Every structure is written in structure tokens, then in C-alpha cells.
Amino acid sequence: MRVRALHDWPRSPAEAEAIQDRLRAAVRVTGELSGVRAVAGLDVAYANDGSDDLVAAVVVLDADTLEMVDSAVVAGTSTFPYVPGLFAFRELPALVDALERLTTTPDLLVVDGQGVAHPRRFGLASHLGVLTEVPSIGVAKTPLGRYEPPGPRRGDWTPLLDGAEVVGRALRTQDGVRPVFVSVGHLVDLDTATDQVLRLAPRYRLPETTRQADHLGRAALVR
DNA sequence: GCGACAG
DNA sequence: ATCTTGTCGC
């Protein structure tokens, strides 16, 4: 698929924040999604040897069968330090490379990380949504904001808050498991994002998109 | 000012 | 993210 090129790459955290503040204006947190046939899952695996080597993996699943119909794996190196809030700049280049190697264009991106549930409302999922102009949602394993525990059953959720503002949801995807943290990336609304995550997680805590991308990525790590 | 802080 | 043993459960 085609992805808008990464322009003016930041050389410092301050520059990275400025880029987020500039691009966030493009984010649309509405949209109902019709005819989703192919859903992409994106994940990055890191080398276990202390280096900055990494592998970005993208899978595309059939929305109904959840079977893989396309995939891409690329090796890369993170050139930006890990700073919460600027996490996207570690994984963006490799993930964009991987997306460009897909032979298909997915209808939805499911990203391992936050969307607008972010201090500047522009997490990795939003960033990728804006660069691709494809609807995107963030599914994180831990939150940046605060929340009250949702009910114990699959489908139960509570708002994820940044101060008084609702930025996403703590969503229980299976009975009795820890919730995942869903937020809008771009071009979808929060109800739709929640529905999609539940549909993509029929059996495990994490959506199949994330799981399959994770498996592919770590299998590609050399050791 | 201090602590917390996606992967 | 990644380093790790055993353990509980289907």
C-alpha cells in the first residue's frame, strides 16, 4: 500500500513534540466504517541483545475468517530514544516500510499502542492513520491515562480518562482477563473501535491482528 | 515540585 | 520491549 512519506524527522524530543502538535490537527475521531474486509495488525519486536535492532511486522487478516491474507516483515533499527509520549518515533520508520511492502491496502489498521489516548492526542495509531489516511485504532496493553476497572465479563468497559476528558476505553475482551486500552486513531468513532476490537478478539485477550503480527515479528528475530 | 509514564 | 521458573488449567 501507499504511505505518505515521513517528513522532517525529529532530532530531539522537543522537535518530536512539535511534529505531534502540528499533525494532530488532521486527526478525525469520527466515522462508522462500512465494508471492512481486510484488517491490518502492526507490531514491532525488539532484539534481546541490547542493540537497537528491531523487526516490524504487519499482517492483513480477512475480517470475517481472521485468516492471514497478506503480510510484510522488515528489519530495522530504532533511532530515537524511548520516551513515553514519543514512543511512535521509535517504531514509525520500520512500520511504514512494512506497510509499503503490502500488496494490498487494508480497510482498517489495528496498532499496538495508543491512538488519541495520549498527552497530545496523537499516539502511534493516530500517527499511522494520518500518514496512510486509512482508519486506525490503538489497542494498548497498558494505559497512559487513568481508569476504573470494568466489569468482569467480555465486552464490559469503562472510560479511559486524561483528567476529565474521555480519551478511550478500558475494554474487557475475555471474561476475567485484564482489560486492553482502546482508543481512536483516525477516521473512526470510539463505539466502532470498541466493536472492532471485540470482533477481532474472539478467544484471547489481544486481537488476532496483534497476536499474529507479534508472532511473525518475533519469529523473524535472529538468535 | 514530584511522580507516573504506550513499547 | 526484554530478561526469567515454576505453575495452574484446559
# chains A, B, ... in the order shown; residues from 1 in each chain; ligands from 1

$ interface_residues --of "chain A" --to "chain B" --cutoff "9 Å" --atoms "only C-alpha atoms (C1' of nucleotides)" --output "PDB file with all heavy atoms, in the first residue's frame"
ATOM      1  N   VAL A  44       5.912  -4.486  16.618  1.00  0.00           N
ATOM      2  CA  VAL A  44       7.368  -4.459  16.484  1.00  0.00           C
ATOM      3  C   VAL A  44       7.984  -5.335  17.567  1.00  0.00           C
ATOM      4  O   VAL A  44       7.600  -5.267  18.731  1.00  0.00           O
ATOM      5  CB  VAL A  44       7.909  -3.012  16.606  1.00  0.00           C
ATOM      6  CG1 VAL A  44       9.427  -3.010  16.687  1.00  0.00           C
ATOM      7  CG2 VAL A  44       7.438  -2.177  15.420  1.00  0.00           C
ATOM      8  N   TYR A  82      13.486   5.842  23.803  1.00  0.00           N
ATOM      9  CA  TYR A  82      12.138   5.604  24.295  1.00  0.00           C
ATOM     10  C   TYR A  82      11.760   6.655  25.318  1.00  0.00           C
ATOM     11  O   TYR A  82      12.347   6.756  26.388  1.00  0.00           O
ATOM     12  CB  TYR A  82      12.012   4.222  24.926  1.00  0.00           C
ATOM     13  CG  TYR A  82      10.675   4.047  25.600  1.00  0.00           C
ATOM     14  CD1 TYR A  82       9.509   4.048  24.829  1.00  0.00           C
ATOM     15  CD2 TYR A  82      10.566   3.965  26.972  1.00  0.00           C
ATOM     16  CE1 TYR A  82       8.271   3.937  25.421  1.00  0.00           C
ATOM     17  CE2 TYR A  82       9.314   3.843  27.576  1.00  0.00           C
ATOM     18  CZ  TYR A  82       8.178   3.834  26.802  1.00  0.00           C
ATOM     19  OH  TYR A  82       6.951   3.736  27.386  1.00  0.00           O
ATOM     20  N   VAL A  83      10.753   7.421  24.959  1.00  0.00           N
ATOM     21  CA  VAL A  83      10.193   8.410  25.862  1.00  0.00           C
ATOM     22  C   VAL A  83       8.675   8.253  25.791  1.00  0.00           C
ATOM     23  O   VAL A  83       8.103   8.351  24.702  1.00  0.00           O
ATOM     24  CB  VAL A  83      10.559   9.847  25.432  1.00  0.00           C
ATOM     25  CG1 VAL A  83       9.960  10.860  26.392  1.00  0.00           C
ATOM     26  CG2 VAL A  83      12.065  10.027  25.331  1.00  0.00           C
ATOM     27  N   PRO A  84       8.026   7.952  26.913  1.00  0.00           N
ATOM     28  CA  PRO A  84       6.567   7.830  26.869  1.00  0.00           C
ATOM     29  C   PRO A  84       5.962   9.107  26.281  1.00  0.00           C
ATOM     30  O   PRO A  84       6.327  10.201  26.679  1.00  0.00           O
ATOM     31  CB  PRO A  84       6.183   7.666  28.345  1.00  0.00           C
ATOM     32  CG  PRO A  84       7.398   7.086  28.977  1.00  0.00           C
ATOM     33  CD  PRO A  84       8.562   7.711  28.251  1.00  0.00           C
ATOM     34  N   GLY A  85       5.069   8.944  25.328  1.00  0.00           N
ATOM     35  CA  GLY A  85       4.500  10.109  24.652  1.00  0.00           C
ATOM     36  C   GLY A  85       5.158  10.320  23.300  1.00  0.00           C
ATOM     37  O   GLY A  85       4.564  10.896  22.389  1.00  0.00           O
ATOM     38  N   LEU A  86       6.400   9.844  23.175  1.00  0.00           N
ATOM     39  CA  LEU A  86       7.123   9.959  21.904  1.00  0.00           C
ATOM     40  C   LEU A  86       7.480   8.587  21.359  1.00  0.00           C
ATOM     41  O   LEU A  86       8.306   8.449  20.457  1.00  0.00           O
ATOM     42  CB  LEU A  86       8.402  10.798  22.088  1.00  0.00           C
ATOM     43  CG  LEU A  86       8.166  12.209  22.616  1.00  0.00           C
ATOM     44  CD1 LEU A  86       9.492  12.946  22.777  1.00  0.00           C
ATOM     45  CD2 LEU A  86       7.239  12.984  21.688  1.00  0.00           C
ATOM     46  N   PHE A  87       6.840   7.589  21.921  1.00  0.00           N
ATOM     47  CA  PHE A  87       7.090   6.215  21.560  1.00  0.00           C
ATOM     48  C   PHE A  87       6.988   5.974  20.045  1.00  0.00           C
ATOM     49  O   PHE A  87       7.744   5.175  19.471  1.00  0.00           O
ATOM     50  CB  PHE A  87       6.076   5.343  22.307  1.00  0.00           C
ATOM     51  CG  PHE A  87       5.935   3.980  21.781  1.00  0.00           C
ATOM     52  CD1 PHE A  87       7.002   3.115  21.823  1.00  0.00           C
ATOM     53  CD2 PHE A  87       4.745   3.566  21.215  1.00  0.00           C
ATOM     54  CE1 PHE A  87       6.877   1.828  21.329  1.00  0.00           C
ATOM     55  CE2 PHE A  87       4.624   2.295  20.726  1.00  0.00           C
ATOM     56  CZ  PHE A  87       5.675   1.433  20.777  1.00  0.00           C
ATOM     57  N   ALA A  88       6.100   6.671  19.388  1.00  0.00           N
ATOM     58  CA  ALA A  88       5.867   6.458  17.952  1.00  0.00           C
ATOM     59  C   ALA A  88       7.144   6.617  17.135  1.00  0.00           C
ATOM     60  O   ALA A  88       7.344   5.907  16.144  1.00  0.00           O
ATOM     61  CB  ALA A  88       4.801   7.432  17.440  1.00  0.00           C
ATOM     62  N   ARG A  90      10.029   5.688  17.650  1.00  0.00           N
ATOM     63  CA  ARG A  90      10.899   4.510  17.644  1.00  0.00           C
ATOM     64  C   ARG A  90      10.481   3.510  16.566  1.00  0.00           C
ATOM     65  O   ARG A  90      11.310   2.828  15.987  1.00  0.00           O
ATOM     66  CB  ARG A  90      10.848   3.797  19.013  1.00  0.00           C
ATOM     67  CG  ARG A  90      11.671   4.471  20.074  1.00  0.00           C
ATOM     68  CD  ARG A  90      11.573   3.766  21.403  1.00  0.00           C
ATOM     69  NE  ARG A  90      12.254   2.477  21.489  1.00  0.00           N
ATOM     70  CZ  ARG A  90      13.567   2.318  21.521  1.00  0.00           C
ATOM     71  NH1 ARG A  90      14.348   3.376  21.423  1.00  0.00           N
ATOM     72  NH2 ARG A  90      14.105   1.132  21.636  1.00  0.00           N
ATOM     73  N   GLU A  91       9.179   3.422  16.343  1.00  0.00           N
ATOM     74  CA  GLU A  91       8.668   2.345  15.503  1.00  0.00           C
ATOM     75  C   GLU A  91       8.161   2.788  14.137  1.00  0.00           C
ATOM     76  O   GLU A  91       7.977   1.964  13.240  1.00  0.00           O
ATOM     77  CB  GLU A  91       7.537   1.628  16.258  1.00  0.00           C
ATOM     78  CG  GLU A  91       7.994   1.086  17.604  1.00  0.00           C
ATOM     79  CD  GLU A  91       7.032   0.076  18.200  1.00  0.00           C
ATOM     80  OE1 GLU A  91       5.861   0.074  17.780  1.00  0.00           O
ATOM     81  OE2 GLU A  91       7.458  -0.714  19.069  1.00  0.00           O
ATOM     82  N   ASP A 112      -0.575  -1.558  17.905  1.00  0.00           N
ATOM     83  CA  ASP A 112      -0.161  -1.916  19.255  1.00  0.00           C
ATOM     84  C   ASP A 112       0.329  -0.657  19.976  1.00  0.00           C
ATOM     85  O   ASP A 112       1.506  -0.333  19.938  1.00  0.00           O
ATOM     86  CB  ASP A 112       0.966  -2.961  19.147  1.00  0.00           C
ATOM     87  CG  ASP A 112       1.344  -3.553  20.486  1.00  0.00           C
ATOM     88  OD1 ASP A 112       0.478  -3.618  21.356  1.00  0.00           O
ATOM     89  OD2 ASP A 112       2.509  -3.944  20.638  1.00  0.00           O
ATOM     90  N   GLY A 113      -0.564   0.038  20.632  1.00  0.00           N
ATOM     91  CA  GLY A 113      -0.216   1.300  21.292  1.00  0.00           C
ATOM     92  C   GLY A 113      -1.442   2.201  21.355  1.00  0.00           C
ATOM     93  O   GLY A 113      -2.563   1.747  21.112  1.00  0.00           O
ATOM     94  N   GLN A 114      -1.243   3.457  21.689  1.00  0.00           N
ATOM     95  CA  GLN A 114      -2.373   4.378  21.845  1.00  0.00           C
ATOM     96  C   GLN A 114      -2.705   5.121  20.558  1.00  0.00           C
ATOM     97  O   GLN A 114      -1.845   5.299  19.696  1.00  0.00           O
ATOM     98  CB  GLN A 114      -2.062   5.430  22.924  1.00  0.00           C
ATOM     99  CG  GLN A 114      -1.392   4.916  24.164  1.00  0.00           C
ATOM    100  CD  GLN A 114      -2.317   4.092  25.052  1.00  0.00           C
ATOM    101  OE1 GLN A 114      -3.519   4.006  24.814  1.00  0.00           O
ATOM    102  NE2 GLN A 114      -1.758   3.485  26.088  1.00  0.00           N
ATOM    103  N   HIS A 118      -3.507   9.897  24.598  1.00  0.00           N
ATOM    104  CA  HIS A 118      -2.108  10.333  24.561  1.00  0.00           C
ATOM    105  C   HIS A 118      -2.047  11.784  25.027  1.00  0.00           C
ATOM    106  O   HIS A 118      -2.996  12.537  24.824  1.00  0.00           O
ATOM    107  CB  HIS A 118      -1.623  10.190  23.100  1.00  0.00           C
ATOM    108  CG  HIS A 118      -0.255  10.697  22.828  1.00  0.00           C
ATOM    109  ND1 HIS A 118       0.015  12.030  22.586  1.00  0.00           N
ATOM    110  CD2 HIS A 118       0.926  10.049  22.720  1.00  0.00           C
ATOM    111  CE1 HIS A 118       1.313  12.175  22.359  1.00  0.00           C
ATOM    112  NE2 HIS A 118       1.882  10.989  22.439  1.00  0.00           N
ATOM    113  N   GLY A 123      -1.045   9.558  19.546  1.00  0.00           N
ATOM    114  CA  GLY A 123      -0.205   8.387  19.719  1.00  0.00           C
ATOM    115  C   GLY A 123       0.096   7.710  18.394  1.00  0.00           C
ATOM    116  O   GLY A 123      -0.326   8.160  17.326  1.00  0.00           O
ATOM    117  N   LEU A 124       0.817   6.606  18.466  1.00  0.00           N
ATOM    118  CA  LEU A 124       1.268   5.884  17.267  1.00  0.00           C
ATOM    119  C   LEU A 124       0.128   5.546  16.315  1.00  0.00           C
ATOM    120  O   LEU A 124       0.273   5.679  15.092  1.00  0.00           O
ATOM    121  CB  LEU A 124       1.995   4.602  17.698  1.00  0.00           C
ATOM    122  CG  LEU A 124       2.479   3.669  16.591  1.00  0.00           C
ATOM    123  CD1 LEU A 124       3.456   4.368  15.660  1.00  0.00           C
ATOM    124  CD2 LEU A 124       3.109   2.413  17.199  1.00  0.00           C
ATOM    125  N   ALA A 140      -3.786  -0.839  23.348  1.00  0.00           N
ATOM    126  CA  ALA A 140      -2.590  -0.896  24.191  1.00  0.00           C
ATOM    127  C   ALA A 140      -2.792  -1.875  25.337  1.00  0.00           C
ATOM    128  O   ALA A 140      -3.910  -2.083  25.804  1.00  0.00           O
ATOM    129  CB  ALA A 140      -2.272   0.494  24.732  1.00  0.00           C
ATOM    130  N   LYS A 141      -1.708  -2.470  25.765  1.00  0.00           N
ATOM    131  CA  LYS A 141      -1.767  -3.431  26.869  1.00  0.00           C
ATOM    132  C   LYS A 141      -1.728  -2.721  28.221  1.00  0.00           C
ATOM    133  O   LYS A 141      -2.138  -3.277  29.231  1.00  0.00           O
ATOM    134  CB  LYS A 141      -0.608  -4.429  26.754  1.00  0.00           C
ATOM    135  CG  LYS A 141      -0.713  -5.300  25.503  1.00  0.00           C
ATOM    136  CD  LYS A 141       0.407  -6.318  25.382  1.00  0.00           C
ATOM    137  CE  LYS A 141       1.727  -5.666  25.004  1.00  0.00           C
ATOM    138  NZ  LYS A 141       1.667  -5.044  23.667  1.00  0.00           N
ATOM    139  N   THR A 142      -1.183  -1.536  28.247  1.00  0.00           N
ATOM    140  CA  THR A 142      -1.215  -0.711  29.463  1.00  0.00           C
ATOM    141  C   THR A 142      -1.605   0.705  29.058  1.00  0.00           C
ATOM    142  O   THR A 142      -1.343   1.135  27.935  1.00  0.00           O
ATOM    143  CB  THR A 142       0.155  -0.686  30.179  1.00  0.00           C
ATOM    144  OG1 THR A 142       1.145  -0.195  29.265  1.00  0.00           O
ATOM    145  CG2 THR A 142       0.554  -2.047  30.667  1.00  0.00           C
ATOM    146  N   PRO A 143      -2.252   1.439  29.968  1.00  0.00           N
ATOM    147  CA  PRO A 143      -2.784   2.756  29.624  1.00  0.00           C
ATOM    148  C   PRO A 143      -1.820   3.892  29.941  1.00  0.00           C
ATOM    149  O   PRO A 143      -0.887   3.728  30.724  1.00  0.00           O
ATOM    150  CB  PRO A 143      -4.013   2.854  30.523  1.00  0.00           C
ATOM    151  CG  PRO A 143      -3.587   2.124  31.771  1.00  0.00           C
ATOM    152  CD  PRO A 143      -2.682   0.997  31.304  1.00  0.00           C
ATOM    153  N   LEU A 144      -2.031   5.015  29.320  1.00  0.00           N
ATOM    154  CA  LEU A 144      -1.337   6.237  29.725  1.00  0.00           C
ATOM    155  C   LEU A 144      -2.217   7.011  30.697  1.00  0.00           C
ATOM    156  O   LEU A 144      -1.728   7.646  31.607  1.00  0.00           O
ATOM    157  CB  LEU A 144      -1.020   7.104  28.494  1.00  0.00           C
ATOM    158  CG  LEU A 144       0.191   6.692  27.657  1.00  0.00           C
ATOM    159  CD1 LEU A 144       0.349   7.600  26.446  1.00  0.00           C
ATOM    160  CD2 LEU A 144       1.459   6.735  28.494  1.00  0.00           C
TER     161      LEU A 144
END

$ select_by_dssp --residues "region 28-146 of chain A" --states "alpha helix (DSSP H)" --output "list in words"
Ala88, Phe89, Arg90, Glu91, Leu92, Pro93, Ala94, Leu95, Val96, Asp97, Ala98, Leu99, Glu100, Leu124, Ala125, Ser126, His127, Leu128, Gly129, Val130, Leu131 and Thr132 of chain A

$ interface_residues --of "chain A" --to "chain C" --cutoff "8 Å" --atoms "only C-alpha atoms (C1' of nucleotides)" --output "number ranges by chain"
A: 45-48

$ atom_distance --atom1 "CA of Val29 (chain A)" --atom2 "CA of His7 (chain A)"
23.3 Å

$ atom_distance --atom1 "CA of Glu100 (chain A)" --atom2 "CA of Ala75 (chain A)"
13.6 Å

$ select_by_dssp --residues "chain A" --states "strand (DSSP E)" --output "ChimeraX atom specification"
/A:38-46,53-62,68-77,108-112,136-140,157-162,165-171,180-186

$ residues_around --residues "Leu200 (chain A)" --least-positions-apart "6" --cutoff "12 Å" --atoms "only C-alpha atoms (C1' of nucleotides)" --output "number ranges by chain"
A: 38-41, 61-67, 108-110, 139, 173-174, 193-194, 206-212

$ atom_distance --atom1 "CA of Pro202 (chain A)" --atom2 "CA of Val167 (chain A)"
24.3 Å
